[in-house]
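**Student:** Coordinates in run30.cif, mmCIF, C-alpha atoms, are listed below.
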```
data_data
loop_
_atom_site.label_atom_id
_atom_site.label_comp_id
_atom_site.auth_asym_id
_atom_site.auth_seq_id
_atom_site.Cartn_x
_atom_site.Cartn_y
_atom_site.Cartn_z
CA MET A 705 120.36 157.19 92.88
CA ARG A 706 121.69 160.74 93.06
CA SER A 707 124.62 162.61 91.71
CA PRO A 708 127.44 163.02 94.25
CA ARG A 709 127.15 166.76 93.50
CA ASP A 710 123.50 166.89 94.55
CA PRO A 711 123.01 169.67 97.16
CA ALA A 712 121.31 167.23 99.56
CA VAL A 713 124.36 164.97 99.34
CA ARG A 714 126.72 167.87 100.00
CA ARG A 715 124.70 168.95 103.03
CA PHE A 716 124.68 165.43 104.41
CA LEU A 717 128.46 165.19 104.00
CA GLN A 718 128.86 168.43 105.94
CA ARG A 719 126.85 166.94 108.80
CA SER A 720 128.86 163.70 108.84
CA THR A 721 131.90 163.46 111.07
CA THR A 722 133.33 160.09 110.09
CA VAL A 723 133.24 157.89 107.01
CA ARG A 724 133.14 154.10 107.00
CA ILE A 725 135.10 152.87 103.97
CA ALA A 726 134.47 149.33 102.75
CA THR A 727 136.99 147.60 100.51
CA LEU A 728 137.58 144.22 98.96
CA SER A 729 140.75 142.48 100.10
CA PRO A 730 143.06 140.61 97.71
CA ALA A 731 141.71 137.41 99.28
CA ALA A 732 138.15 138.56 98.37
CA ASN A 733 137.12 139.33 101.95
CA ALA A 734 135.15 142.43 102.91
CA ASP A 735 136.92 145.07 105.00
CA ILE A 736 135.44 148.15 106.62
CA ILE A 737 137.00 150.77 108.86
CA PRO A 738 136.08 154.25 110.11
CA LEU A 739 138.25 157.22 109.13
CA TYR A 740 138.19 160.98 109.36
CA PHE A 741 137.49 162.60 106.01
CA VAL A 742 137.42 165.92 104.24
CA ARG A 743 136.05 167.02 100.89
CA TYR A 744 138.64 168.48 98.58
CA ARG A 745 138.21 169.31 94.90
CA GLY A 746 135.16 167.08 94.56
CA ARG A 747 136.90 164.11 96.16
CA ILE A 748 136.43 162.42 99.51
CA CYS A 749 139.88 162.35 101.11
CA MET A 750 141.12 160.43 104.14
CA GLY A 751 144.56 160.59 105.69
CA THR A 752 146.06 157.26 106.69
CA ARG A 753 149.18 155.11 106.40
CA ARG A 754 150.34 152.91 103.55
CA SER A 755 150.52 149.99 105.96
CA ASN A 756 146.79 150.22 106.61
CA PRO A 757 145.19 147.02 105.20
CA THR A 758 142.51 149.20 103.58
CA VAL A 759 145.22 150.81 101.43
CA ARG A 760 146.51 147.39 100.45
CA ASP A 761 142.95 146.47 99.48
CA LEU A 762 142.19 149.50 97.33
CA ILE A 763 145.49 149.32 95.47
CA GLU A 764 144.36 145.87 94.34
CA ASN A 765 140.63 146.65 94.05
CA PRO A 766 139.94 150.40 93.66
CA GLU A 767 136.15 150.12 93.92
CA VAL A 768 135.03 151.23 97.38
CA VAL A 769 131.79 151.89 99.25
CA LEU A 770 131.54 154.84 101.63
CA LEU A 771 128.89 155.17 104.34
CA PHE A 772 128.07 158.48 106.04
CA HIS A 773 125.72 158.73 109.00
CA GLY A 774 125.12 162.51 109.21
CA GLU A 775 125.88 162.41 112.93
CA ARG A 776 125.36 166.14 113.41
CA GLY A 777 122.07 166.25 111.53
CA ARG A 778 118.43 165.95 112.41
CA GLN A 779 117.70 162.78 110.44
CA PRO A 780 119.40 159.96 112.33
CA ASP A 781 117.33 157.43 110.38
CA ARG A 782 119.17 158.05 107.10
CA VAL A 783 122.56 156.94 105.86
CA LEU A 784 124.33 158.14 102.73
CA ARG A 785 126.03 155.48 100.66
CA MET A 786 128.46 156.45 97.94
CA ARG A 787 130.37 154.29 95.51
CA GLY A 788 133.56 155.37 93.91
CA ARG A 789 137.09 154.57 92.88
CA ALA A 790 139.97 155.09 95.26
CA THR A 791 143.66 155.80 94.91
CA PHE A 792 146.36 156.20 97.54
CA ARG A 793 148.49 159.31 97.09
CA THR A 794 151.64 160.19 98.97
CA GLU A 795 152.93 163.26 97.17
CA ARG A 796 153.16 166.44 99.19
CA SER A 797 150.67 168.29 96.99
CA ALA A 798 148.03 165.69 97.90
CA ARG A 799 148.88 165.41 101.60
CA VAL A 800 149.29 169.02 102.69
CA PRO A 801 145.85 170.42 101.82
CA VAL A 802 144.05 167.34 103.14
CA TYR A 803 145.98 167.28 106.42
CA ALA A 804 145.35 171.01 106.85
CA LEU A 805 141.61 170.67 106.26
CA ALA A 806 141.45 167.67 108.60
CA ALA A 807 143.29 169.59 111.33
CA LEU A 808 140.76 172.42 111.05
CA ARG A 809 137.81 170.03 111.08
CA TYR A 810 138.86 167.65 113.82
CA TYR A 811 141.56 169.16 116.02
CA LEU A 812 140.96 172.90 115.87
CA ALA A 813 137.16 172.75 116.11
CA PRO A 814 135.82 173.63 119.57
CA GLY A 815 134.98 169.98 120.33
CA GLY A 816 138.40 168.87 119.17
CA ILE A 817 140.24 171.45 121.28
CA TRP A 818 138.18 170.56 124.34
CA ASN A 819 138.89 166.87 123.75
CA MET A 820 142.63 167.61 123.68
CA VAL A 821 142.42 169.70 126.85
CA ARG A 822 140.49 167.03 128.72
CA ASN A 823 143.00 164.39 127.64
CA ARG A 824 146.20 166.43 127.99
CA ASP A 825 147.71 163.71 130.20
CA LYS A 826 147.60 161.37 127.18
CA ARG A 827 149.33 163.69 124.73
CA ALA A 828 152.80 162.32 125.43
CA VAL A 829 151.85 158.70 124.84
CA ASP A 830 149.90 159.75 121.74
CA ALA A 831 153.01 161.49 120.40
CA ARG A 832 154.95 158.23 120.87
CA TYR A 833 152.12 156.30 119.18
CA LYS A 834 152.26 158.58 116.15
CA GLY A 835 156.05 158.58 116.15
CA GLU A 836 156.11 154.79 115.90
CA ARG A 837 153.95 155.03 112.80
CA ALA A 838 155.50 158.05 111.11
CA GLY A 839 156.90 158.03 107.63
CA ASP A 840 154.37 156.21 105.49
CA GLY A 841 151.51 158.68 105.55
CA GLY A 842 149.34 159.46 102.58
CA VAL A 843 145.82 160.17 101.45
CA ILE A 844 143.08 157.87 100.24
CA GLU A 845 141.34 159.85 97.54
CA VAL A 846 137.92 158.67 96.35
CA VAL A 847 136.23 159.96 93.24
CA PRO A 848 132.52 159.49 94.00
CA GLU A 849 130.49 157.97 91.19
CA THR A 850 127.06 157.40 92.73
CA ALA A 851 125.21 158.41 95.88
CA GLU A 852 122.02 157.18 97.50
CA PHE A 853 120.22 157.61 100.79
CA LEU A 854 119.33 154.48 102.75
CA ARG A 855 116.90 154.11 105.60
CA LEU A 856 118.33 152.63 108.75
CA PRO A 857 116.63 149.34 109.69
CA SER A 858 113.85 150.65 111.95
CA MET B 1248 160.96 147.01 123.54
CA LYS B 1249 157.72 148.71 124.52
CA ARG B 1250 155.22 149.89 121.95
CA VAL B 1251 152.17 152.07 122.25
CA THR B 1252 148.85 150.39 121.54
CA ARG B 1253 145.25 151.47 121.18
CA ALA B 1254 144.01 147.88 121.42
CA VAL B 1255 141.60 146.96 124.20
CA ASP B 1256 139.72 143.85 125.17
CA VAL B 1257 136.28 143.71 123.58
CA ASP B 1258 134.76 143.37 127.05
CA GLU B 1259 136.01 146.88 127.82
CA LEU B 1260 133.68 148.19 125.11
CA ALA B 1261 130.61 146.24 126.19
CA ASP B 1262 128.68 149.51 126.65
CA LEU B 1263 129.38 150.45 123.03
CA LEU B 1264 128.17 147.07 121.81
CA GLU B 1265 125.07 147.11 124.00
CA TRP B 1266 124.13 150.67 122.94
CA PRO B 1267 125.74 151.08 119.52
CA PRO B 1268 125.40 154.55 118.02
CA ARG B 1269 125.71 152.90 114.63
CA ALA B 1270 126.60 149.53 113.15
CA THR B 1271 127.61 148.73 109.62
CA LEU B 1272 128.12 145.50 107.74
CA ALA B 1273 130.47 144.88 104.81
CA PHE B 1274 130.24 141.82 102.62
CA VAL B 1275 130.93 140.59 99.12
CA SER B 1276 128.07 140.23 96.67
CA GLY B 1277 128.59 139.09 93.11
CA GLY B 1278 132.30 139.69 93.47
CA ARG B 1279 131.77 143.35 94.46
CA ILE B 1280 132.21 145.04 97.82
CA GLU B 1281 128.95 146.01 99.50
CA ALA B 1282 128.17 147.82 102.75
CA LEU B 1283 125.04 148.87 104.55
CA PRO B 1284 123.78 150.02 107.94
CA VAL B 1285 122.39 147.32 110.21
CA ALA B 1286 120.86 146.95 113.64
CA LEU B 1287 122.89 145.19 116.31
CA ARG B 1288 121.98 143.35 119.48
CA TYR B 1289 124.85 142.22 121.68
CA GLU B 1290 123.59 139.62 124.11
CA GLN B 1291 125.93 137.85 126.51
CA GLY B 1292 128.84 137.97 124.12
CA ARG B 1293 126.80 136.98 121.06
CA TYR B 1294 126.26 139.22 118.06
CA PHE B 1295 122.81 139.47 116.44
CA VAL B 1296 122.54 141.53 113.28
CA GLY B 1297 119.26 143.01 112.04
CA LEU B 1298 118.95 143.33 108.28
CA GLY B 1299 116.18 144.95 106.29
CA ALA B 1300 113.06 142.78 106.15
CA GLY B 1301 113.25 140.14 103.44
CA MET B 1302 117.00 140.41 102.97
CA GLU B 1303 118.87 137.13 102.82
CA PRO B 1304 121.94 136.91 105.05
CA PRO B 1305 125.00 137.54 102.90
CA ALA B 1306 126.94 134.38 102.19
CA GLY B 1307 130.58 133.96 103.07
CA ARG B 1308 132.66 136.04 105.44
CA VAL B 1309 131.29 139.41 106.51
CA LYS B 1310 132.70 142.18 108.64
CA LEU B 1311 130.67 144.04 111.24
CA LEU B 1312 131.85 147.45 112.44
CA VAL B 1313 130.64 149.36 115.47
CA ASP B 1314 132.35 152.68 116.13
CA ASP B 1315 132.03 155.86 118.11
CA GLY B 1316 133.66 159.28 118.23
CA PRO B 1317 134.09 161.79 116.74
CA TRP B 1318 136.87 163.51 118.70
CA TYR B 1319 140.29 161.92 118.75
CA PHE B 1320 140.49 160.50 122.26
CA ASP B 1321 136.83 159.41 122.06
CA LEU B 1322 137.44 157.27 118.96
CA ARG B 1323 136.73 153.67 119.78
CA GLY B 1324 135.26 150.71 118.01
CA VAL B 1325 134.98 147.00 117.44
CA TRP B 1326 135.07 144.98 114.28
CA VAL B 1327 134.05 141.37 114.01
CA ARG B 1328 134.79 139.11 111.06
CA GLY B 1329 132.70 135.99 110.74
CA THR B 1330 129.73 134.36 109.09
CA LEU B 1331 126.01 135.05 109.36
CA ALA B 1332 123.16 132.60 109.81
CA ALA B 1333 119.47 133.41 110.03
CA CYS B 1334 118.00 133.22 113.52
CA GLN B 1335 114.78 134.02 115.37
CA ALA B 1336 113.64 137.60 115.95
CA ARG B 1337 115.20 139.11 119.05
CA ALA B 1338 113.06 139.62 122.11
CA GLY B 1339 112.03 143.24 122.48
CA ALA B 1340 113.20 144.21 119.02
CA THR B 1341 110.88 146.53 117.15
CA GLY B 1342 110.53 147.27 113.46
CA MET B 1343 110.70 145.21 110.33
CA ARG B 1344 113.94 143.27 110.32
CA ASP B 1345 115.25 139.84 109.69
CA TRP B 1346 117.80 138.73 112.25
CA CYS B 1347 121.01 136.78 111.87
CA GLU B 1348 123.61 135.61 114.33
CA LEU B 1349 127.21 136.48 113.54
CA THR B 1350 129.63 133.72 114.45
CA PRO B 1351 132.95 135.49 115.05
CA GLU B 1352 136.23 134.25 113.63
CA LYS B 1353 138.20 137.32 114.67
CA THR B 1354 137.37 140.34 116.81
CA VAL B 1355 139.40 143.55 117.21
CA ALA B 1356 138.65 146.41 119.60
CA TRP B 1357 140.34 149.78 120.03
CA HIS B 1358 140.03 152.98 122.04
CA TYR B 1359 142.27 156.00 121.54
CA GLY B 1360 141.36 157.19 125.01
CA ARG B 1361 143.26 154.19 126.37
CA LEU B 1362 146.52 154.56 124.48
CA ARG B 1363 149.27 153.02 126.57
CA GLU B 1364 152.66 151.35 126.39
CA VAL B 1365 152.75 147.59 126.50
#
```
Mind converting the file's structure to structure tokens?

**Tutor:**
Amino acid sequence: MRSPRDPAVRRFLQRSTTVRIATLSPAANADIIPLYFVRYRGRICMGTRRSNPTVRDLIENPEVVLLFHGERGRQPDRVLRMRGRATFRTERSARVPVYALAALRYYLAPGGIWNMVRNRDKRAVDARYKGERAGDGGVIEVVPETAEFLRLPS
Amino acid sequence: MKRVTRAVDVDELADLLEWPPRATLAFVSGGRIEALPVALRYEQGRYFVGLGAGMEPPAGRVKLLVDDGPWYFDLRGVWVRGTLAACQARAGATGMRDWCELTPEKTVAWHYGRLREV
């Protein structure tokens, strides 16, 4: 087990593009979804909507498991698993910095810009998709408590 | 009234399931949430999950996630909720794993590159 502040953990997070967040539902079922994430003030932060079932889960059961695959790294046989406690925050001071960091990481990176250019014919329908879901946005904020590297089943 | 959806039929993501870049499994153990990476074989619509050697299949409902990305319109994935039961090793599989078959109760697939009005 490592500290979430371990340099190897921080490097692995930098190389990871998506997090899989696992939660326990109120009915005691396991949930897991992929989300974009950023690191902010020692937390792992993910923008999403209040209506997301994962948010419903973590409000009831704040303990979560996060899996990172280091997709951009050279060790595809390792996965980082972190445990922590999650909250859902909607205040502007929580949303603005996380949304800004996520925009830089995912939409204004070269790969993100190229993805938007290649799919420019879908931008209008995407705007309608987001418009239908506007108004209940927030941030899942996880305070990491433990971290460990796992070997992928070989 | 029309709505925009990202939902697709799971058959449309057969390539993702047959060549998954990663697969993860969430389950409940001792009342706590647990998650770990797994191997996946998708054979003729059936889901076979490879766990670490010697690991018992988690009891109760589990959720399998297979996803791909990372750029927005490339985001796609499948999740399957169901139960696991131990099965024979898969033909052609290498490495030390114990295999289980996942019997689906519910399957959801999505692809942001196929956003459309329905």

**Student:** Give me, as JSON lines, each residue of chain B that comes within 6 Å of chain A, together with its shortest interatomic pair and the distance in Å at one decimal, counting only C-alpha atoms, with rows ordered by chain and rising residue number.

**Tutor:**
```
{"residue": "B:Val1251", "atom": "CA", "partner": "A:Tyr833", "partner_atom": "CA", "distance": 5.2}
{"residue": "B:Ala1273", "atom": "CA", "partner": "A:Ala734", "partner_atom": "CA", "distance": 5.6}
{"residue": "B:Phe1274", "atom": "CA", "partner": "A:Ala734", "partner_atom": "CA", "distance": 5.0}
{"residue": "B:Val1275", "atom": "CA", "partner": "A:Ala734", "partner_atom": "CA", "distance": 6.0}
{"residue": "B:Ile1280", "atom": "CA", "partner": "A:Leu728", "partner_atom": "CA", "distance": 5.6}
{"residue": "B:Gly1299", "atom": "CA", "partner": "A:Pro857", "partner_atom": "CA", "distance": 5.6}
{"residue": "B:Trp1318", "atom": "CA", "partner": "A:Gly816", "partner_atom": "CA", "distance": 5.6}
{"residue": "B:Gly1342", "atom": "CA", "partner": "A:Ser858", "partner_atom": "CA", "distance": 5.0}
```

**Student:** Considering all atoms listed in the file, can you say which of B:Lys1249, B:Val1285, B:Glu1290, B:Leu1362 comes closest to Glu1265 of chain B?

**Tutor:**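 The answer is B:Glu1290, which sits nearest to Glu1265 of chain B.
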
**Student:** May I ask for the distance between atom CA of Arg1293 of chain B and atom CA of Pro1268 of chain B, given in Å to one decimal place?

**Tutor:**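 Atom-to-atom, atom CA of Arg1293 of chain B to atom CA of Pro1268 of chain B, that is 17.9 Å.
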
**Student:** Name every residue that the PyMOL selection byres ((chain B and resi 1258) around 12) selects in this structure, writing the answer as a list in words with chains first and numbers rising.

**Tutor:**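 Expected selection for the PyMOL selection byres ((chain B and resi 1258) around 12) here is Ala1254, Val1255, Asp1256, Val1257, Glu1259, Leu1260, Ala1261, Asp1262, Leu1263, Leu1264, Glu1265, Tyr1289, Gln1291, Gly1292, Arg1293, Gly1324, Val1325, Thr1354, Val1355, Ala1356 and Trp1357 of chain B.
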
**Student:** Suppose a student applies the PyMOL selection byres ((chain B and resi 1305) around 10) to this structure; what residues should they get, written as a ChimeraX atom specification?

**Tutor:** /B:1272-1276,1281,1298,1302-1304,1306-1309,1330-1333,1347

**Student:** Mind telling me what the PyMOL selection byres ((chain A and resi 790-800) around 9) catches here, as a ChimeraX atom specification?

**Tutor:** /A:751,754,759,762-763,765-768,788-789,801-805,840-848

**Student:** Between atom CA of Val723 of chain A and atom CA of Ala838 of chain A, what is the distance, to one decimal in Å?

**Tutor:**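 That distance, rounded to one decimal, is 22.6 Å.
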
**Student:** Atom CA of Thr752 of chain A to atom CA of Pro814 of chain A: how many Å, to one decimal?

**Tutor:**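 Taking atom CA of Thr752 of chain A and atom CA of Pro814 of chain A, their separation equals 23.2 Å.
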
**Student:** Could you rebuild segment 771-805 of chain A with N, CA and C atoms and give it back as a PDB file, in the frame of the given file?

**Tutor:**
```
ATOM      1  N   LEU A 771     130.137 154.945 103.602  1.00  0.00           N
ATOM      2  CA  LEU A 771     128.890 155.170 104.340  1.00  0.00           C
ATOM      3  C   LEU A 771     129.060 156.375 105.256  1.00  0.00           C
ATOM      4  N   PHE A 772     128.083 157.277 105.195  1.00  0.00           N
ATOM      5  CA  PHE A 772     128.070 158.480 106.040  1.00  0.00           C
ATOM      6  C   PHE A 772     126.784 158.474 106.843  1.00  0.00           C
ATOM      7  N   HIS A 773     126.892 158.814 108.133  1.00  0.00           N
ATOM      8  CA  HIS A 773     125.720 158.730 109.000  1.00  0.00           C
ATOM      9  C   HIS A 773     125.133 160.090 109.381  1.00  0.00           C
ATOM     10  N   GLY A 774     125.707 161.188 108.899  1.00  0.00           N
ATOM     11  CA  GLY A 774     125.120 162.510 109.210  1.00  0.00           C
ATOM     12  C   GLY A 774     124.958 162.736 110.695  1.00  0.00           C
ATOM     13  N   GLU A 775     125.993 162.408 111.466  1.00  0.00           N
ATOM     14  CA  GLU A 775     125.880 162.410 112.930  1.00  0.00           C
ATOM     15  C   GLU A 775     125.400 163.734 113.514  1.00  0.00           C
ATOM     16  N   ARG A 776     125.725 164.832 112.841  1.00  0.00           N
ATOM     17  CA  ARG A 776     125.360 166.140 113.410  1.00  0.00           C
ATOM     18  C   ARG A 776     124.037 166.654 112.849  1.00  0.00           C
ATOM     19  N   GLY A 777     123.304 165.802 112.166  1.00  0.00           N
ATOM     20  CA  GLY A 777     122.070 166.250 111.530  1.00  0.00           C
ATOM     21  C   GLY A 777     120.844 165.885 112.327  1.00  0.00           C
ATOM     22  N   ARG A 778     119.697 166.184 111.734  1.00  0.00           N
ATOM     23  CA  ARG A 778     118.430 165.950 112.410  1.00  0.00           C
ATOM     24  C   ARG A 778     117.710 164.731 111.860  1.00  0.00           C
ATOM     25  N   GLN A 779     118.348 163.967 111.011  1.00  0.00           N
ATOM     26  CA  GLN A 779     117.700 162.780 110.440  1.00  0.00           C
ATOM     27  C   GLN A 779     118.554 161.546 110.717  1.00  0.00           C
ATOM     28  N   PRO A 780     118.546 161.093 111.974  1.00  0.00           N
ATOM     29  CA  PRO A 780     119.400 159.960 112.330  1.00  0.00           C
ATOM     30  C   PRO A 780     118.949 158.637 111.708  1.00  0.00           C
ATOM     31  N   ASP A 781     117.821 158.669 110.980  1.00  0.00           N
ATOM     32  CA  ASP A 781     117.330 157.430 110.380  1.00  0.00           C
ATOM     33  C   ASP A 781     117.822 157.246 108.957  1.00  0.00           C
ATOM     34  N   ARG A 782     118.677 158.149 108.474  1.00  0.00           N
ATOM     35  CA  ARG A 782     119.170 158.050 107.100  1.00  0.00           C
ATOM     36  C   ARG A 782     120.679 157.878 107.076  1.00  0.00           C
ATOM     37  N   VAL A 783     121.138 157.142 106.093  1.00  0.00           N
ATOM     38  CA  VAL A 783     122.560 156.940 105.860  1.00  0.00           C
ATOM     39  C   VAL A 783     122.823 157.229 104.381  1.00  0.00           C
ATOM     40  N   LEU A 784     123.933 157.877 104.113  1.00  0.00           N
ATOM     41  CA  LEU A 784     124.330 158.140 102.730  1.00  0.00           C
ATOM     42  C   LEU A 784     125.360 157.105 102.304  1.00  0.00           C
ATOM     43  N   ARG A 785     125.068 156.447 101.206  1.00  0.00           N
ATOM     44  CA  ARG A 785     126.030 155.480 100.660  1.00  0.00           C
ATOM     45  C   ARG A 785     126.538 155.986  99.320  1.00  0.00           C
ATOM     46  N   MET A 786     127.843 156.030  99.201  1.00  0.00           N
ATOM     47  CA  MET A 786     128.460 156.450  97.940  1.00  0.00           C
ATOM     48  C   MET A 786     129.357 155.314  97.443  1.00  0.00           C
ATOM     49  N   ARG A 787     129.406 155.200  96.137  1.00  0.00           N
ATOM     50  CA  ARG A 787     130.370 154.290  95.510  1.00  0.00           C
ATOM     51  C   ARG A 787     131.364 155.120  94.726  1.00  0.00           C
ATOM     52  N   GLY A 788     132.574 154.627  94.669  1.00  0.00           N
ATOM     53  CA  GLY A 788     133.560 155.370  93.910  1.00  0.00           C
ATOM     54  C   GLY A 788     134.822 154.558  93.721  1.00  0.00           C
ATOM     55  N   ARG A 789     135.795 155.216  93.123  1.00  0.00           N
ATOM     56  CA  ARG A 789     137.090 154.570  92.880  1.00  0.00           C
ATOM     57  C   ARG A 789     138.144 155.313  93.673  1.00  0.00           C
ATOM     58  N   ALA A 790     139.006 154.523  94.320  1.00  0.00           N
ATOM     59  CA  ALA A 790     139.970 155.090  95.260  1.00  0.00           C
ATOM     60  C   ALA A 790     141.394 154.920  94.763  1.00  0.00           C
ATOM     61  N   THR A 791     142.215 155.900  95.112  1.00  0.00           N
ATOM     62  CA  THR A 791     143.660 155.800  94.910  1.00  0.00           C
ATOM     63  C   THR A 791     144.341 156.212  96.206  1.00  0.00           C
ATOM     64  N   PHE A 792     145.578 155.791  96.377  1.00  0.00           N
ATOM     65  CA  PHE A 792     146.360 156.200  97.540  1.00  0.00           C
ATOM     66  C   PHE A 792     147.479 157.097  97.048  1.00  0.00           C
ATOM     67  N   ARG A 793     147.519 158.321  97.564  1.00  0.00           N
ATOM     68  CA  ARG A 793     148.490 159.310  97.090  1.00  0.00           C
ATOM     69  C   ARG A 793     149.410 159.724  98.234  1.00  0.00           C
ATOM     70  N   THR A 794     150.676 159.836  97.923  1.00  0.00           N
ATOM     71  CA  THR A 794     151.640 160.190  98.970  1.00  0.00           C
ATOM     72  C   THR A 794     152.379 161.484  98.675  1.00  0.00           C
ATOM     73  N   GLU A 795     152.172 162.056  97.486  1.00  0.00           N
ATOM     74  CA  GLU A 795     152.930 163.260  97.170  1.00  0.00           C
ATOM     75  C   GLU A 795     152.473 164.427  98.052  1.00  0.00           C
ATOM     76  N   ARG A 796     153.403 165.307  98.302  1.00  0.00           N
ATOM     77  CA  ARG A 796     153.160 166.440  99.190  1.00  0.00           C
ATOM     78  C   ARG A 796     151.942 167.261  98.767  1.00  0.00           C
ATOM     79  N   SER A 797     151.773 167.451  97.472  1.00  0.00           N
ATOM     80  CA  SER A 797     150.670 168.290  96.990  1.00  0.00           C
ATOM     81  C   SER A 797     149.313 167.655  97.288  1.00  0.00           C
ATOM     82  N   ALA A 798     149.283 166.353  97.514  1.00  0.00           N
ATOM     83  CA  ALA A 798     148.030 165.690  97.900  1.00  0.00           C
ATOM     84  C   ALA A 798     147.861 165.713  99.410  1.00  0.00           C
ATOM     85  N   ARG A 799     148.969 165.541 100.145  1.00  0.00           N
ATOM     86  CA  ARG A 799     148.880 165.410 101.600  1.00  0.00           C
ATOM     87  C   ARG A 799     148.608 166.734 102.308  1.00  0.00           C
ATOM     88  N   VAL A 800     149.330 167.775 101.913  1.00  0.00           N
ATOM     89  CA  VAL A 800     149.290 169.020 102.690  1.00  0.00           C
ATOM     90  C   VAL A 800     147.887 169.627 102.783  1.00  0.00           C
ATOM     91  N   PRO A 801     147.189 169.810 101.675  1.00  0.00           N
ATOM     92  CA  PRO A 801     145.850 170.420 101.820  1.00  0.00           C
ATOM     93  C   PRO A 801     144.877 169.538 102.596  1.00  0.00           C
ATOM     94  N   VAL A 802     144.974 168.239 102.429  1.00  0.00           N
ATOM     95  CA  VAL A 802     144.050 167.340 103.140  1.00  0.00           C
ATOM     96  C   VAL A 802     144.352 167.328 104.632  1.00  0.00           C
ATOM     97  N   TYR A 803     145.631 167.254 104.996  1.00  0.00           N
ATOM     98  CA  TYR A 803     145.980 167.280 106.420  1.00  0.00           C
ATOM     99  C   TYR A 803     145.559 168.603 107.050  1.00  0.00           C
ATOM    100  N   ALA A 804     145.721 169.699 106.310  1.00  0.00           N
ATOM    101  CA  ALA A 804     145.350 171.010 106.850  1.00  0.00           C
ATOM    102  C   ALA A 804     143.833 171.096 107.081  1.00  0.00           C
ATOM    103  N   LEU A 805     143.074 170.645 106.110  1.00  0.00           N
ATOM    104  CA  LEU A 805     141.610 170.670 106.260  1.00  0.00           C
ATOM    105  C   LEU A 805     141.161 169.746 107.396  1.00  0.00           C
TER     106      LEU A 805
END
```
